[in-house]
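Chemist: Take this structure, written in structure tokens, and hold onto it; I'll ask about it next.
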Amino acid sequence: MYEEQKREAYYKIPQRTHDYGASDKAKEIVHKSITIDTLFSGVVPIQWSKPDAPELHDEMDKVKAAGFSCIGACSSADAADTSLQGALNSLKVWIKRIDERPEKYRIVRTAADIDKAIAEDKLGIYFTHQGTGLFEGDPDKVGLMRQLGFGYCLLAYNARNPVGDGCFEADNSNLTTFGKFLVDAYNRYGMIVDVSHTGERTALGAIERSSDPVISSHSGAKAINNYPRGHSDELIKAIGESGGVQCVNTVGGFMDPTNPDVVTTDVIFQHIDHIASLIGIDHVGYASDYVPDVYISCEMGKGPLADLLFPDPDGRHMFPEMCAKGTPTPAPYQFIAALVDKMLEKGYSEEDCGKVIGGNVYRLFKQVWK
């Protein structure tokens, strides 16, 4: 009973009950655009109450009603399990739930599949894994995961792995030889290289190695908030020069130095505006990094496990503080139209808004997803 009460309390945090409000014009832009959330963090079973709970359909209905065309469903992460079997166990939960409502969902592997989902009035879903443990040292498993619907997998999840360093590693090492072979496999099979959560030198090495544009699926700008999860101007410019897209997430502790109870559209706009000033509006995207079951995620982020998953050699270890506040991350359906309103208020055009909320990554998908 005590655990149930704690869980219920987390769902009453200010971020979850906040009403951003949005104009009819902004809502219309969201609905008529190809609107994509590049990191919807539905890791199974960590971030859902139960693997077979009804929350997934409830959340997807809200996402679709808000005007989203497609989401990148993060079904698994190296923080939970670095094995291929672990990733497949998580994936099969998503596949089972998708199969329950074939009239509502379409798994997408190409941009043409997104077009079909829109034509059928379905929510397009592709998958992503945070890390490269699922490949188990075999670059050709990239092809397997592409066939299963994975669109990109980030190279390192915070810590060091055989590819290189995560963003919390003080050594900030280069892309490894294996990492180069893996990037080659990404290019060969049409998997987009994802440099979120990745150390700077490893990320820069991967961008240099890749013959295709890259994505940063959910990161901010260090110039706005100097937190390890953000990207330096140098890395942002490299992403843009590759032809890629940096997608801005909405996690309060990552994006706002005050770690607010409620993330504002103002601070997220600051990241978007800064990135656009460096590499142009054609290279900026949106990611919620929304965690449906905030209670389990927050419990995971406390104590010794947090030190393992989120090491911070500089002493700015904010994750436990974020969890104490309930990890202020708005759901995409709460936030997206309000963000469009903020961009319009600041002088961006409707076309610019459409690019940021999905058009730019759609272009990237058309180019890379073979």
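Each chain of the structure tokens is named A, B, ... in the order shown, its residues numbered from 1; ligands are numbered from 1 in display order.
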As an MDAnalysis selection string, which residues of stretch 23-121 of chain A does DSSP assign to strand (DSSP E or B)?
Modeler: chainID A and resid 36:40 70:77 105:107
Chemist: Just C-alpha atoms for this one: save the residues we selected as an mmCIF file, in the first residue's frame.
Modeler:
data_model
loop_
_atom_site.group_PDB
_atom_site.id
_atom_site.type_symbol
_atom_site.label_atom_id
_atom_site.label_comp_id
_atom_site.auth_asym_id
_atom_site.auth_seq_id
_atom_site.Cartn_x
_atom_site.Cartn_y
_atom_site.Cartn_z
ATOM 1 C CA ILE A 36 7.561 13.598 -34.697
ATOM 2 C CA ASP A 37 8.813 13.005 -31.156
ATOM 3 C CA THR A 38 12.261 11.483 -31.592
ATOM 4 C CA LEU A 39 12.533 10.057 -28.051
ATOM 5 C CA PHE A 40 9.430 8.829 -26.252
ATOM 6 C CA CYS A 70 5.073 9.421 -35.487
ATOM 7 C CA ILE A 71 7.151 8.685 -32.377
ATOM 8 C CA GLY A 72 10.548 7.163 -31.748
ATOM 9 C CA ALA A 73 9.719 4.655 -29.017
ATOM 10 C CA CYS A 74 12.715 3.994 -26.797
ATOM 11 C CA SER A 75 11.890 0.421 -25.854
ATOM 12 C CA SER A 76 15.186 -0.395 -24.121
ATOM 13 C CA ALA A 77 18.469 1.023 -22.831
ATOM 14 C CA TYR A 105 -0.605 1.907 -35.215
ATOM 15 C CA ARG A 106 1.859 1.281 -38.013
ATOM 16 C CA ILE A 107 5.474 0.239 -37.402
#
Chemist: Grab the atom CA of A:Glu59 to atom CA of A:Tyr333 distance for me, in Å with one decimal place.
Modeler: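 Atom-to-atom, atom CA of A:Glu59 and atom CA of A:Tyr333 are spaced 9.0 Å apart.
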Chemist: With only C-alpha atoms as the basis for distance, which of A:Val44, A:Val248, A:Ala159, A:Ile215 is at the shortest distance from A:Gly133?
Modeler: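 Nearest candidate to A:Gly133 out of A:Val44, A:Val248, A:Ala159, A:Ile215: A:Ala159.
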Chemist: With distances taken over only C-alpha atoms, which residue among A:Ser210, A:Asn360, A:Thr176, A:Thr35 lies nearest A:Pro332?
Modeler: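 Ranked by minimum distance to A:Pro332, first place goes to A:Thr35.
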Chemist: Rounded to one decimal, what separation in Å do you get between atom CA of A:Arg109 and atom CA of A:Lys366?
Modeler: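 Interatomic distance, atom CA of A:Arg109 to atom CA of A:Lys366: 10.3 Å.
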Chemist: Do you have, as a Markdown table, the list of residues of stretch 184-209 of chain A lying at most 8 Å from stretch 167-171 of chain A, each with its nearest atom pair and that distance in Å to one decimal, counting only C-alpha atoms and ordered by chain then number?
Modeler:
| residue | atom | partner | partner_atom | distance |
| --- | --- | --- | --- | --- |
| A:His197 | CA | A:Cys167 | CA | 5.3 |
| A:Thr198 | CA | A:Cys167 | CA | 4.7 |
| A:Gly199 | CA | A:Cys167 | CA | 3.9 |
| A:Glu200 | CA | A:Cys167 | CA | 6.9 |
Chemist: With a distance cut-off of 12 Å and only C-alpha atoms, select the neighbouring residues of A:Lys104, excluding the residue or stretch itself and same-chain residues fewer than 5 positions from it, and output the selection as a list in words.
Modeler: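 My list of contacting residues is His57, Asp58, Met60, Asp61, Val63, Lys64, Ala65, Ser69, Cys70, Arg97, Ile98, Asp99, Ala117, Ile118, Glu120, Asp121, Lys122, Leu123, Gly124 and Ile125 of chain A.
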Chemist: Quick one: pull the distance between atom CA of A:Thr17 and atom CA of A:Gly220, Å, one decimal.
Modeler: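 One can read the atom CA of A:Thr17 to atom CA of A:Gly220 distance as 24.2 Å.
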Chemist: When DSSP works through the backbone of this structure, what residues of stretch 50-217 of chain A end up as alpha helix (DSSP H), shown as a compact mmCIF listing (two decimals) with C-alpha atoms, in the first residue's frame?
Modeler:
# COMPACT_ATOMS: atom_id res chain seq x y z
CA GLU A 55 -1.16 2.92 -19.95
CA LEU A 56 0.58 2.45 -23.30
CA HIS A 57 -2.65 2.71 -25.30
CA ASP A 58 -3.83 5.62 -23.15
CA GLU A 59 -0.59 7.50 -23.77
CA MET A 60 -0.58 6.74 -27.50
CA ASP A 61 -4.17 7.99 -27.82
CA LYS A 62 -3.14 11.30 -26.23
CA VAL A 63 -0.09 11.57 -28.47
CA LYS A 64 -2.17 10.95 -31.60
CA ALA A 65 -4.92 13.34 -30.50
CA LEU A 84 20.36 -8.43 -27.28
CA GLN A 85 17.95 -10.71 -25.43
CA GLY A 86 17.09 -7.89 -23.03
CA ALA A 87 16.33 -5.55 -25.91
CA LEU A 88 14.19 -8.21 -27.61
CA ASN A 89 12.28 -8.87 -24.41
CA SER A 90 11.40 -5.19 -24.26
CA LEU A 91 10.60 -4.98 -27.95
CA LYS A 92 8.17 -7.89 -27.83
CA VAL A 93 6.08 -6.05 -25.21
CA TRP A 94 5.73 -3.09 -27.59
CA ILE A 95 5.03 -5.40 -30.55
CA LYS A 96 2.34 -7.23 -28.58
CA ARG A 97 0.60 -3.99 -27.64
CA ILE A 98 0.85 -2.62 -31.20
CA ASP A 99 -0.64 -5.86 -32.50
CA GLU A 100 -3.63 -5.40 -30.18
CA ALA A 111 9.88 7.66 -44.52
CA ALA A 112 7.42 6.11 -46.99
CA ASP A 113 6.00 4.11 -44.08
CA ILE A 114 5.39 7.38 -42.22
CA ASP A 115 3.51 8.63 -45.28
CA LYS A 116 1.38 5.47 -45.20
CA ALA A 117 0.68 5.89 -41.48
CA ILE A 118 -0.50 9.46 -42.08
CA ALA A 119 -2.69 8.38 -45.03
CA LYS A 141 23.32 -7.21 -35.92
CA VAL A 142 22.66 -3.59 -36.90
CA GLY A 143 20.91 -4.98 -39.98
CA LEU A 144 18.77 -7.25 -37.82
CA MET A 145 17.63 -4.37 -35.62
CA ARG A 146 16.85 -2.22 -38.67
CA GLN A 147 14.54 -4.95 -39.97
CA THR A 177 38.29 0.88 -33.72
CA PHE A 178 35.20 -1.19 -33.03
CA GLY A 179 33.21 2.05 -32.95
CA LYS A 180 34.42 2.86 -36.46
CA PHE A 181 33.33 -0.56 -37.71
CA LEU A 182 29.95 -0.06 -36.04
CA VAL A 183 29.44 3.35 -37.65
CA ASP A 184 30.27 1.72 -41.00
CA ALA A 185 27.55 -0.86 -40.31
CA TYR A 186 25.06 1.90 -39.45
CA ASN A 187 25.77 3.47 -42.83
CA ARG A 188 25.55 0.12 -44.61
CA TYR A 189 22.18 -0.86 -43.15
CA GLU A 200 32.25 14.72 -27.23
CA ARG A 201 35.37 13.20 -28.80
CA THR A 202 33.59 9.91 -29.46
CA ALA A 203 30.68 11.82 -31.02
CA LEU A 204 32.95 13.97 -33.18
CA GLY A 205 34.82 10.87 -34.31
CA ALA A 206 31.57 9.15 -35.25
CA ILE A 207 30.39 12.18 -37.24
CA GLU A 208 33.71 12.27 -39.10
CA ARG A 209 33.52 8.53 -39.80
Chemist: Set the distance at 9 Å and use only C-alpha atoms: which residues neighbour stretch 18-28 of chain A once local chain neighbours fewer than 6 positions away are removed? I'd like the list as a PyMOL selection string.
Modeler: chain A and resi 66-67+262+264-265+330+334-341+344+350
Chemist: Taking only residues of stretch 151-249 of chain A that have an atom at most 12 Å from an atom of stretch 275-297 of chain A, what is each one's shortest atom pair and its distance in Å to one decimal, using only C-alpha atoms, in chain and number order, as a tab-separated table?
Modeler:
residue	atom	partner	partner_atom	distance
A:Ser196	CA	A:Ala287	CA	11.4
A:Pro213	CA	A:His283	CA	10.5
A:Val214	CA	A:His283	CA	10.4
A:Ile215	CA	A:His283	CA	9.3
A:Ser216	CA	A:Gly285	CA	9.0
A:Ser217	CA	A:Ala287	CA	6.8
A:His218	CA	A:Ala287	CA	5.5
A:Ser219	CA	A:Ala287	CA	8.3
A:Gly220	CA	A:Ile275	CA	8.6
A:Ala221	CA	A:Ile275	CA	7.1
A:Lys222	CA	A:Ile275	CA	10.2
A:Ala223	CA	A:Ile275	CA	9.4
A:Ile224	CA	A:Ile275	CA	9.9
A:Gly230	CA	A:Ile275	CA	11.4
A:His231	CA	A:Ile275	CA	9.8
A:Ser232	CA	A:Ile275	CA	10.1
A:Asp233	CA	A:Leu278	CA	7.5
A:Glu234	CA	A:Leu278	CA	9.4
A:Leu235	CA	A:Leu278	CA	10.5
A:Ile236	CA	A:Ile275	CA	7.0
A:Lys237	CA	A:Ile279	CA	5.9
A:Ala238	CA	A:Ile279	CA	8.9
A:Ile239	CA	A:His283	CA	8.2
A:Gly240	CA	A:Ile279	CA	5.3
A:Glu241	CA	A:Ile279	CA	7.6
A:Ser242	CA	A:His283	CA	9.8
A:Gly243	CA	A:His283	CA	7.3
A:Gly244	CA	A:His283	CA	6.1
A:Val245	CA	A:His283	CA	4.3
A:Gln246	CA	A:Val284	CA	5.1
A:Cys247	CA	A:Gly285	CA	3.9
A:Val248	CA	A:Tyr286	CA	5.1
A:Asn249	CA	A:Ala287	CA	4.6
Chemist: Using only C-alpha atoms, which protein or nucleic acid residues come within 10 Å of A:Lys346? Drop anything in the same chain fewer than 3 positions from it, and give the result as a ChimeraX atom specification.
Modeler: /A:266,269,273,340-343,349
Chemist: I need the residues from that last selection saved to file as a short mmCIF file (atom, residue, chain, number, x, y, z; two decimals), in the first residue's frame (with C-alpha atoms), if you can.
Modeler:
data_model
loop_
_atom_site.label_atom_id
_atom_site.label_comp_id
_atom_site.auth_asym_id
_atom_site.auth_seq_id
_atom_site.Cartn_x
_atom_site.Cartn_y
_atom_site.Cartn_z
CA ASP A 266 10.94 29.83 -22.74
CA PHE A 269 13.03 27.89 -26.99
CA ASP A 273 17.14 29.41 -30.93
CA VAL A 340 4.90 26.28 -31.44
CA ASP A 341 3.19 29.30 -29.88
CA LYS A 342 6.48 30.34 -28.29
CA MET A 343 8.34 30.05 -31.61
CA SER A 349 7.46 31.31 -39.26
#
